[in-house]
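*Asks:* Got a structure for you, written out below as structure tokens; questions coming shortly.
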Amino acid sequence: MILAVMIGVLLIGGVLCWLSAQWSAAAPKWIALVASLLGLGLSVYCWVHFSGPELRGPWFIDFRASWIPSFGIGFHLAMDGLSLVLLLLTFFLGVLAVLCSWKEIRERTGFFFFCLLWTLAGISGVFVAMDLFLFYFFWEVMLVPMYFLIALWGDTRRRYAAYKFFIFTQAGGLLMLLSILALYFIHGQRTGSYTFDYFSLLNTAVDPSASKWIVAGFLIAFAIKLPVVPLHNWLPDAHSEAPTAGSLILAGLLLKTGAYGIIRIVLPLFPGDSAAIAHWAIPLGVAGIVYGALLAFAQTDLKRLIAYTSVSHMGFVLLGIFSFREIAMQGTVMQILTHGIGTGALFVMAGMLKERLHTRDLGLMGGLWTALPSMGGVFMLFTMASLGLPMLGNFIAEFLILLGTFLVSPVLTVLASGGLVLSALYSLRMMQKVFLGPVRGGTAVQDLSGREWLLLATLSVSIVALGLFPQPVINLVRPVVRLLVSN
Amino acid sequence: MTSTQFDALLPYTLLATASLVVILLIAFRRSHTVIQVVGFMLMCMVIAALLKVRSILPVSVPPLFRIDGLALLFTALIVFCVLIIGLFSFIYFEEREENPKEYYILLFLSTLGATILTISVHFISFFIGLELLSVSLYALVAYLRTRNNAVEAGMKYLVLAALSSAFLLFGMALIYMDKGTMDLTAIVPSGSILFVMGAGIMVVAIGFKLALVPFHLWAADVYQGAPTPVTSFIATVSKIGVFAVLLRFAQSIHLQEHPEVSTIFVVLAVASMITGNLLALLQQNVKRLLAYSSIAHFGYLLVSFLTVGEAGMQASVFYLLAYSIALLAAFGVIILLSNRNKEAEDLADFRGLFWKRPLIAAVFTIALLSLAGIPLTAGFPAKFFVLASGVRQHLWLPVVVLVLTSIVGFYYYLRVIGVLFAEAPEVEEAKEGMLQPFFYGAIYATLVVLTVLSFWLGILPASTADGIRDFLLIR
């Protein structure tokens with residue numbers, strides 16, 4: 001029930017934001033903040049409640065209600081360690097997304113926060129839906145508001161970016177729907193019970209000839225979201241054109257739904273095929289790491305640069321998932337978290353710079369440290385996180401992934417580690433261009449305000465905390481990961 | 001004719017009476033408002049009659065009619081659409097002051113034709129129904145004859161529809177020559193040359209009525225030229241009626257057992273989905289865009305039609321319901337925005353609508369999202385049921401084409417939505433005096449109801465889908 005409440009709070013909060021905008025311009029902000037804080041509170045409550053030493057099986061909460069019984073569709077939500085971790089991330093970044101649009105969004109605030117909260121609702125729904133129809137439903141629910149966020153409050157080329165984002169993800173989504181339907185009918189014909197329930201479908205024996213196509217449908221959808229390299233085309237446009245909160249949610253959460261889909265659906269449902277896919281997925285992951293890093297190095301647009309680092313970091317996620325080692329899988333979950341926080345923070349700062357300088361062009365920035373010493377410090381911290389400095393979360397994640405993959409494919413792991421060197425290149429170039437060097441552009445800019453301080457401080461504390469004490473996260477997801485790897 | 005048969009035909013008799021009542025009303029009191037109100041009440045009576053009839057079904061009226069659950073569902077759907085179209089017509093014609101009274105006679109007559117199609121099991125009743133529908137439509141399409149495109153649209157429709165009627169008759173004659181029967185349910189398909197020719201020619205005529213590719217050439221022009229309420233009538237009522245016959249025919253000959261016939265429909269479906277969606281991409285005129293989108297939608301619908309069986313029929317009816325709701329809402333918005341000089345049909349007319357008139361724009365957005373099949377709206381479960389029935393029958397080609405073309409479809413729906421949400425132009429329009437505040441209120445209320453219905457079907461489709469299945473079981 002608590003899961004349904006979490007999603008419901010966001011949905012209702014969104015509608016309230018939209019309605020309240022007629023009476024007061026400030027009301028939507030506060031309603032959105034309260035709604036996302038409520039969600040965060042509920043998920044923290046779950047965390048405190050379920051992270052005790054005695055673990056009762058992998059599933060903490062299981063909530064079922066009937067929805068369309070004649071088609072075997074249920075409103076089935078459930079939460080295990082993985083879902084919990086991702087929910088915490090969702091609401092944490094959700095609160096920050098509300099805070100960072102506090103001043104940035106001046107027009108149509110009601111509709112903006114409506115879209116923001118509904119996107120969050122869709123994302124958190126994806127993380128807890130245990131009925132494949134419901135999963136698809138939430139998968140689509142997050143799309144439309146996200147489209148509006150980009151198309152209405154984005155930058156100059158926002159229309160183009162929004163179309164591209166929508167059509168890419170929608171294409172993947174529909175292919176996934178076909179796969180879900182095929183699975184549904186195959187399971188129904190085998191067992192006589194037609195159902196979309198995840199746990200019932202878990203043990204479906206599918207012919208190898210059919211399962212190949214079904215897996216392909218799922219994988220294309222998730223690979224577009226993640227993104228895996230040949231399908232990453234929408235990402236730089238969407239990320240760079242979206243408003244700050246949009247970029248934060250895209251990079252921090254939307255990409256993670258792709259990784260989550262692979263972990264939750266592809267691996268357990270099709271263990272046999274997953275092993276076969278690994279031969280392709282690991283090289284693709286490595287290609288993503290290197291390709292993303294190289295392109296990031298060549299960008300002149302700050303937000304585009306950060307977007308390409310996402311491509312690179314998500315390559316590690318793919319690598320970790322398909323190495324099928326417990327340690328690498330743990331690393332993957334860590335990577336999901338730390339990338340969400342780290343890249344999110346970089347996008348937030350890119351947004352703050354844009355607010356002050358009105359440009360994203362690296363050529364027009366430089367020497368900003370003198371004017372913005374505090375932001376420079378935080379930026380340095382997250383640049384270091386991005387290049388994988390020990391003590392910060394990303395290091396743990398990438399180290400664990402590489403450790404696990406080395407046992408599977410030493411050659412590719414060596415190549416992937418080469419990606420770390422490249423990440424140092426682009427990260428330092430970015431730092432150099434923006435904050436160091438000769439002063440270009442305006443110097444009369446304000447350093448961080450109180451709200452911005454709060455925002456960046458929370459992000460910094462959490463990335464350091466994850467770097468120093470990753471154990472709680474590892475404990476939380478251990479049962480899930482064990483179960484996955486044992487298949 | 002027994003009294004049961006008479007009772008079962010009550011809704012149809014009432015509909016026939018409706019046009020007579022309107023004729024008499026015109027003779028005695030030429031008031032648009034009175035006609036509108038009376039017409040509305042008559043349609044409500046038809047619905048009440050439908051509810052009453054349900055308990056005595058199924059009833060056969062040999063050899064022409066058979067009133068069963070399928071017929072009742074389709075009739076109800078048609079009357080529901082006409083009820084709303086009638087409401088839309090009022091402000092549309094009242095604003096133009098072009099003597100709209102006779103319009104209602106034609107509207108009710110063509111409705112009668114469409115409903116007769118749903119109960120016909122015989123070539124004769126099929127043809128009579130179709131002609132009643134078409135002949136009234138010839139006049140309806142060209143009703144505002146002083147308009148630029150109206151006469152062109154009317155002529156186009158007249159010539160092509162008459163041609164397709166001729167085709168239909170010829171096909172019927174050929175089949176009758178081969179089989180010696182005109183009873184739809186008694187015809188057993190065979191490979192004889194006469195039957196194949198006859199059936200093929202009939203498919204041409206039906207394809208024309210449903211605007212399936214390659215018989216779609218009239219659609220965009222007629223949609224654009226006809227008065228908007230008539231356009232919405234063509235897009236919903238006339239297509240629903242013809243589709244009902246098609247469904248009944250497929251059901252009685254067990255289409256799935258005749259792969260050569262299904263192949264024809266697969267080709268039509270694939271061609272309609274591809275052409276409809278691709279041509280819609282280029283349209284700057286919203287009515288033309290909706291024309292191409294409805295071509296594509298009937299392509300989707302054919303996918304569920306091809307699966308025949310119960311699930312396929314259920315999916316078809318649900319799809320038609322969702323489609324009608326979305327389309328009526330969209331046309332309602334166009335009507336509301338039109339004024340006496342100009343139809344609001346250019347994309348430019350919709351620019352920034354969301355910031356000027358948020359309610360109407362929200363209705364329009366939701367209608368378009370529903371047509372695109374986005375979750376939370378009725379279009380989503382509808383598309384899902386269609387896909388499910390297609391996958392169940394392993395119709396992989398049309399299903400994959402459906403998926404790929406609906407991705408194309410997203411683009412043009414999003415384009416319109418993008419325009420709705422764009423920056424509003426700065427020109428301030430002169431506020432026009434409202435003609436009849438009551439009727440404007442009624443239209444707003446209808447649009448809101450349609451939107452709520454769309455959400456309701458989108459979020460909780462179970463009860464409606466089950467209800468449809470219960471009806472379909474009354475055979």
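Chain labels run A, B, ... following the order of the structure tokens; each chain numbers its residues from 1, and ligands are numbered from 1 in the order shown.
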From a backbone DSSP assignment, name each residue in range 412-474 of chain A labelled alpha helix (DSSP H), as number ranges by chain.
*Replies:* A: 412-435, 450-468, 471-474
*Asks:* Check every residue of chain B for an atom within 10 Å of chain A, counting only C-alpha atoms, and provide those that qualify as number ranges by chain.
*Replies:* B: 355, 369, 374-376, 380-381, 384-385, 387-394, 396, 399-400, 402-411, 414-415, 417-418, 421-423, 459-463, 465-466
*Asks:* Take the residues from that selection and put them in a file with C-alpha atoms, as a PDB file, in the first residue's frame.
*Replies:*
```
ATOM      1  CA  TRP B 355      -2.238  29.615 -22.963  1.00  0.00           C
ATOM      2  CA  LEU B 369      -2.966  11.571 -27.225  1.00  0.00           C
ATOM      3  CA  ILE B 374      -0.787   7.020 -25.011  1.00  0.00           C
ATOM      4  CA  PRO B 375      -1.562   5.480 -21.592  1.00  0.00           C
ATOM      5  CA  LEU B 376      -4.219   6.991 -19.326  1.00  0.00           C
ATOM      6  CA  PHE B 380      -4.086   2.930 -25.052  1.00  0.00           C
ATOM      7  CA  PRO B 381      -6.173  -0.059 -23.963  1.00  0.00           C
ATOM      8  CA  PHE B 384      -3.428  -2.824 -26.633  1.00  0.00           C
ATOM      9  CA  PHE B 385      -6.491  -5.015 -27.242  1.00  0.00           C
ATOM     10  CA  LEU B 387      -2.307  -5.737 -30.671  1.00  0.00           C
ATOM     11  CA  ALA B 388      -3.173  -8.524 -28.266  1.00  0.00           C
ATOM     12  CA  SER B 389      -5.704 -10.027 -30.636  1.00  0.00           C
ATOM     13  CA  GLY B 390      -3.225  -9.757 -33.503  1.00  0.00           C
ATOM     14  CA  VAL B 391      -0.414 -11.397 -31.562  1.00  0.00           C
ATOM     15  CA  ARG B 392      -2.755 -14.150 -30.397  1.00  0.00           C
ATOM     16  CA  GLN B 393      -3.452 -15.085 -34.030  1.00  0.00           C
ATOM     17  CA  HIS B 394       0.210 -14.729 -35.026  1.00  0.00           C
ATOM     18  CA  TRP B 396       3.010 -10.789 -37.296  1.00  0.00           C
ATOM     19  CA  VAL B 399       1.137  -6.225 -36.077  1.00  0.00           C
ATOM     20  CA  VAL B 400       4.695  -5.150 -36.768  1.00  0.00           C
ATOM     21  CA  LEU B 402       1.020  -1.329 -36.827  1.00  0.00           C
ATOM     22  CA  VAL B 403       3.787  -0.747 -34.318  1.00  0.00           C
ATOM     23  CA  LEU B 404       6.140   0.872 -36.796  1.00  0.00           C
ATOM     24  CA  THR B 405       3.538   3.118 -38.366  1.00  0.00           C
ATOM     25  CA  SER B 406       2.168   4.271 -35.046  1.00  0.00           C
ATOM     26  CA  ILE B 407       5.655   5.528 -34.281  1.00  0.00           C
ATOM     27  CA  VAL B 408       5.337   7.663 -37.407  1.00  0.00           C
ATOM     28  CA  GLY B 409       1.899   8.621 -36.137  1.00  0.00           C
ATOM     29  CA  PHE B 410       3.312  10.007 -32.918  1.00  0.00           C
ATOM     30  CA  TYR B 411       5.216  12.555 -34.893  1.00  0.00           C
ATOM     31  CA  LEU B 414       3.005  15.635 -31.361  1.00  0.00           C
ATOM     32  CA  ARG B 415       3.374  18.289 -34.022  1.00  0.00           C
ATOM     33  CA  ILE B 417       0.259  19.262 -29.674  1.00  0.00           C
ATOM     34  CA  GLY B 418       3.490  21.209 -30.020  1.00  0.00           C
ATOM     35  CA  PHE B 421       1.658  24.659 -26.550  1.00  0.00           C
ATOM     36  CA  ALA B 422       3.768  27.062 -28.599  1.00  0.00           C
ATOM     37  CA  GLU B 423       4.068  30.747 -27.790  1.00  0.00           C
ATOM     38  CA  ILE B 459      -7.576   3.735 -16.637  1.00  0.00           C
ATOM     39  CA  LEU B 460     -10.345   1.234 -15.954  1.00  0.00           C
ATOM     40  CA  PRO B 461     -11.118  -0.478 -19.244  1.00  0.00           C
ATOM     41  CA  ALA B 462     -12.112  -3.742 -17.557  1.00  0.00           C
ATOM     42  CA  SER B 463     -15.802  -3.090 -16.960  1.00  0.00           C
ATOM     43  CA  ALA B 465     -14.493  -4.538 -22.119  1.00  0.00           C
ATOM     44  CA  ASP B 466     -16.470  -7.091 -20.145  1.00  0.00           C
TER      45      ASP B 466
END
```
*Asks:* Any idea what's packed within 12 Å of Leu70 in chain B, counting only C-alpha atoms, ignoring anything in its chain fewer than 3 positions away? Could you give it as a ChimeraX atom specification?
*Replies:* /B:54,57-59,66-67,73-77,115,117-120,240-241,243-249,251,310,313-314,316-317,467-475
*Asks:* Residues near Val266 in chain A, anyone? I mean within 10 Å using only C-alpha atoms, not counting same-chain ones fewer than 3 positions away, as a VMD selection string.
*Replies:* chain A and resid 214 to 216 218 to 219 222 260 to 263 269 to 271 273 to 274
*Asks:* Kindly export the residues of the current selection with C-alpha atoms, as a PDB file, in the first residue's frame.
*Replies:*
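out-v8.pdb written:
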```pdb
ATOM      1  CA  ILE A 214      11.100 -11.558 -27.529  1.00  0.00           C
ATOM      2  CA  VAL A 215      14.419 -10.732 -25.904  1.00  0.00           C
ATOM      3  CA  ALA A 216      15.290  -8.533 -28.857  1.00  0.00           C
ATOM      4  CA  PHE A 218      12.900  -5.953 -24.610  1.00  0.00           C
ATOM      5  CA  LEU A 219      16.559  -5.279 -25.195  1.00  0.00           C
ATOM      6  CA  PHE A 222      16.138  -0.863 -22.675  1.00  0.00           C
ATOM      7  CA  TYR A 260      16.702  -1.560 -14.232  1.00  0.00           C
ATOM      8  CA  GLY A 261      14.717  -3.163 -17.058  1.00  0.00           C
ATOM      9  CA  ILE A 262      17.651  -5.301 -18.101  1.00  0.00           C
ATOM     10  CA  ILE A 263      18.347  -6.368 -14.527  1.00  0.00           C
ATOM     11  CA  LEU A 269      13.102 -14.049 -17.567  1.00  0.00           C
ATOM     12  CA  PHE A 270      15.592 -15.201 -20.179  1.00  0.00           C
ATOM     13  CA  PRO A 271      18.668 -16.539 -18.413  1.00  0.00           C
ATOM     14  CA  ASP A 273      19.500 -15.873 -23.927  1.00  0.00           C
ATOM     15  CA  SER A 274      21.198 -13.408 -21.613  1.00  0.00           C
TER      16      SER A 274
END
```
*Asks:* Just checking: using only C-alpha atoms, which residue out of B:Ala220, B:Leu133, B:Ile366, B:Cys44 ends up closest to Val237 in chain B?
*Replies:* B:Leu133
*Asks:* Choose the residue, out of B:Lys383, B:Lys209, B:Arg145, B:Lys179, that has the smallest atom-to-atom separation from Leu160 in chain B; count only C-alpha atoms.
*Replies:* B:Lys209
*Asks:* Do you know which residues are at most 9 Å from Ile327 in chain A counting only C-alpha atoms, after dropping those on the same chain fewer than 3 positions away, and could you put them as a list of chain:residue names?
*Replies:*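 With the cut-off at 9 Å, the set is A:Gly320, A:Phe324, A:Gln330, A:Gly331, A:Thr332, A:Leu400, A:Ile401, A:Leu403, A:Gly404, A:Thr405, A:Val481.
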*Asks:* What's the 8 Å shell around range 300-305 of chain A, counting only C-alpha atoms, without same-chain residues fewer than 2 positions away, as a PyMOL selection string?
*Replies:* chain A and resi 236-237+239-240+295-298+307-309+347+350+360-363+430
*Asks:* Write a file of the selected residues as a PDB file, in the first residue's frame, keeping N, CA, C and O atoms.
*Replies:*
```pdb
ATOM      1  N   PRO A 236      22.302  13.107 -26.414  1.00  0.00           N
ATOM      2  CA  PRO A 236      22.956  14.414 -26.308  1.00  0.00           C
ATOM      3  C   PRO A 236      21.990  15.560 -26.580  1.00  0.00           C
ATOM      4  O   PRO A 236      22.034  16.579 -25.877  1.00  0.00           O
ATOM      5  N   ASP A 237      21.109  15.394 -27.555  1.00  0.00           N
ATOM      6  CA  ASP A 237      20.159  16.467 -27.857  1.00  0.00           C
ATOM      7  C   ASP A 237      19.214  16.701 -26.702  1.00  0.00           C
ATOM      8  O   ASP A 237      19.033  17.830 -26.249  1.00  0.00           O
ATOM      9  N   HIS A 239      19.443  15.841 -23.538  1.00  0.00           N
ATOM     10  CA  HIS A 239      20.084  16.321 -22.317  1.00  0.00           C
ATOM     11  C   HIS A 239      20.490  17.776 -22.418  1.00  0.00           C
ATOM     12  O   HIS A 239      20.356  18.534 -21.474  1.00  0.00           O
ATOM     13  N   SER A 240      21.007  18.163 -23.585  1.00  0.00           N
ATOM     14  CA  SER A 240      21.529  19.519 -23.629  1.00  0.00           C
ATOM     15  C   SER A 240      20.410  20.540 -23.808  1.00  0.00           C
ATOM     16  O   SER A 240      20.540  21.666 -23.359  1.00  0.00           O
ATOM     17  N   LEU A 295      34.006  11.336 -27.547  1.00  0.00           N
ATOM     18  CA  LEU A 295      33.136  12.417 -28.008  1.00  0.00           C
ATOM     19  C   LEU A 295      33.019  13.504 -26.961  1.00  0.00           C
ATOM     20  O   LEU A 295      32.938  14.690 -27.295  1.00  0.00           O
ATOM     21  N   ALA A 296      33.000  13.116 -25.693  1.00  0.00           N
ATOM     22  CA  ALA A 296      32.919  14.123 -24.631  1.00  0.00           C
ATOM     23  C   ALA A 296      34.112  15.053 -24.731  1.00  0.00           C
ATOM     24  O   ALA A 296      33.989  16.263 -24.552  1.00  0.00           O
ATOM     25  N   PHE A 297      35.252  14.478 -25.042  1.00  0.00           N
ATOM     26  CA  PHE A 297      36.471  15.280 -25.133  1.00  0.00           C
ATOM     27  C   PHE A 297      36.363  16.332 -26.233  1.00  0.00           C
ATOM     28  O   PHE A 297      36.966  17.395 -26.152  1.00  0.00           O
ATOM     29  N   ALA A 298      35.578  16.032 -27.268  1.00  0.00           N
ATOM     30  CA  ALA A 298      35.539  16.914 -28.433  1.00  0.00           C
ATOM     31  C   ALA A 298      34.446  17.968 -28.355  1.00  0.00           C
ATOM     32  O   ALA A 298      34.322  18.786 -29.260  1.00  0.00           O
ATOM     33  N   ALA A 307      26.548  15.210 -21.247  1.00  0.00           N
ATOM     34  CA  ALA A 307      25.681  14.162 -21.790  1.00  0.00           C
ATOM     35  C   ALA A 307      26.517  13.000 -22.314  1.00  0.00           C
ATOM     36  O   ALA A 307      26.197  11.840 -22.082  1.00  0.00           O
ATOM     37  N   TYR A 308      27.603  13.320 -23.014  1.00  0.00           N
ATOM     38  CA  TYR A 308      28.421  12.218 -23.541  1.00  0.00           C
ATOM     39  C   TYR A 308      29.134  11.454 -22.430  1.00  0.00           C
ATOM     40  O   TYR A 308      29.383  10.259 -22.562  1.00  0.00           O
ATOM     41  N   THR A 309      29.456  12.145 -21.320  1.00  0.00           N
ATOM     42  CA  THR A 309      30.046  11.378 -20.215  1.00  0.00           C
ATOM     43  C   THR A 309      29.041  10.352 -19.718  1.00  0.00           C
ATOM     44  O   THR A 309      29.421   9.274 -19.277  1.00  0.00           O
ATOM     45  N   PHE A 347      25.027  18.595 -14.090  1.00  0.00           N
ATOM     46  CA  PHE A 347      23.977  19.271 -14.858  1.00  0.00           C
ATOM     47  C   PHE A 347      23.405  20.442 -14.078  1.00  0.00           C
ATOM     48  O   PHE A 347      23.102  21.498 -14.653  1.00  0.00           O
ATOM     49  N   ALA A 350      25.806  23.157 -14.451  1.00  0.00           N
ATOM     50  CA  ALA A 350      25.744  23.703 -15.810  1.00  0.00           C
ATOM     51  C   ALA A 350      24.549  24.634 -15.930  1.00  0.00           C
ATOM     52  O   ALA A 350      24.625  25.702 -16.555  1.00  0.00           O
ATOM     53  N   ARG A 360      26.081  28.098 -22.939  1.00  0.00           N
ATOM     54  CA  ARG A 360      26.620  26.795 -22.557  1.00  0.00           C
ATOM     55  C   ARG A 360      27.920  26.545 -23.285  1.00  0.00           C
ATOM     56  O   ARG A 360      28.497  25.491 -23.223  1.00  0.00           O
ATOM     57  N   ASP A 361      28.357  27.555 -24.035  1.00  0.00           N
ATOM     58  CA  ASP A 361      29.527  27.382 -24.881  1.00  0.00           C
ATOM     59  C   ASP A 361      30.797  27.458 -24.041  1.00  0.00           C
ATOM     60  O   ASP A 361      31.047  28.441 -23.359  1.00  0.00           O
ATOM     61  N   LEU A 362      31.622  26.389 -24.134  1.00  0.00           N
ATOM     62  CA  LEU A 362      32.852  26.368 -23.339  1.00  0.00           C
ATOM     63  C   LEU A 362      33.803  27.486 -23.761  1.00  0.00           C
ATOM     64  O   LEU A 362      34.570  28.001 -22.953  1.00  0.00           O
ATOM     65  N   GLY A 363      33.732  27.854 -25.041  1.00  0.00           N
ATOM     66  CA  GLY A 363      34.632  28.886 -25.540  1.00  0.00           C
ATOM     67  C   GLY A 363      34.379  30.246 -24.900  1.00  0.00           C
ATOM     68  O   GLY A 363      35.252  31.099 -24.865  1.00  0.00           O
ATOM     69  N   MET A 430      37.322  19.890 -19.118  1.00  0.00           N
ATOM     70  CA  MET A 430      36.116  20.638 -18.767  1.00  0.00           C
ATOM     71  C   MET A 430      36.421  21.615 -17.634  1.00  0.00           C
ATOM     72  O   MET A 430      36.083  22.807 -17.699  1.00  0.00           O
TER      73      MET A 430
END
```
*Asks:* I'd like to know which of B:Ser293, B:Thr231, B:Ser190, B:Ser60 is closest to Met1 in chain B, using only C-alpha atoms.
*Replies:* B:Ser60
*Asks:* Among range 71-287 of chain B, which residues carry a DSSP assignment of strand (DSSP E or B), reported as a list in words?
*Replies:*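 Here are the strand (DSSP E or B) residues of range 71-287 of chain B: Ser120, His122, Asp183 and Asn285 of chain B.
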*Asks:* Quick one: residues within 12 Å of range 20-31 of chain A, only C-alpha atoms counted, chain neighbours fewer than 4 positions away excluded, as a VMD selection string?
*Replies:* (chain A and resid 9 to 16 35 to 38 95 97 to 117) or (chain B and resid 355 358)
*Asks:* Expressed in Å to a single decimal, how great is the separation between CA of Met365 in chain A and CA of Val434 in chain A?
*Replies:*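 According to the coordinates, CA of Met365 in chain A and CA of Val434 in chain A are separated by 5.2 Å.
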*Asks:* So how far away is CA of Ile201 in chain B from CA of Glu257 in chain B, in Å?
*Replies:*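 About the pair CA of Glu257 in chain B and CA of Ile201 in chain B: they are 20.5 Å apart.
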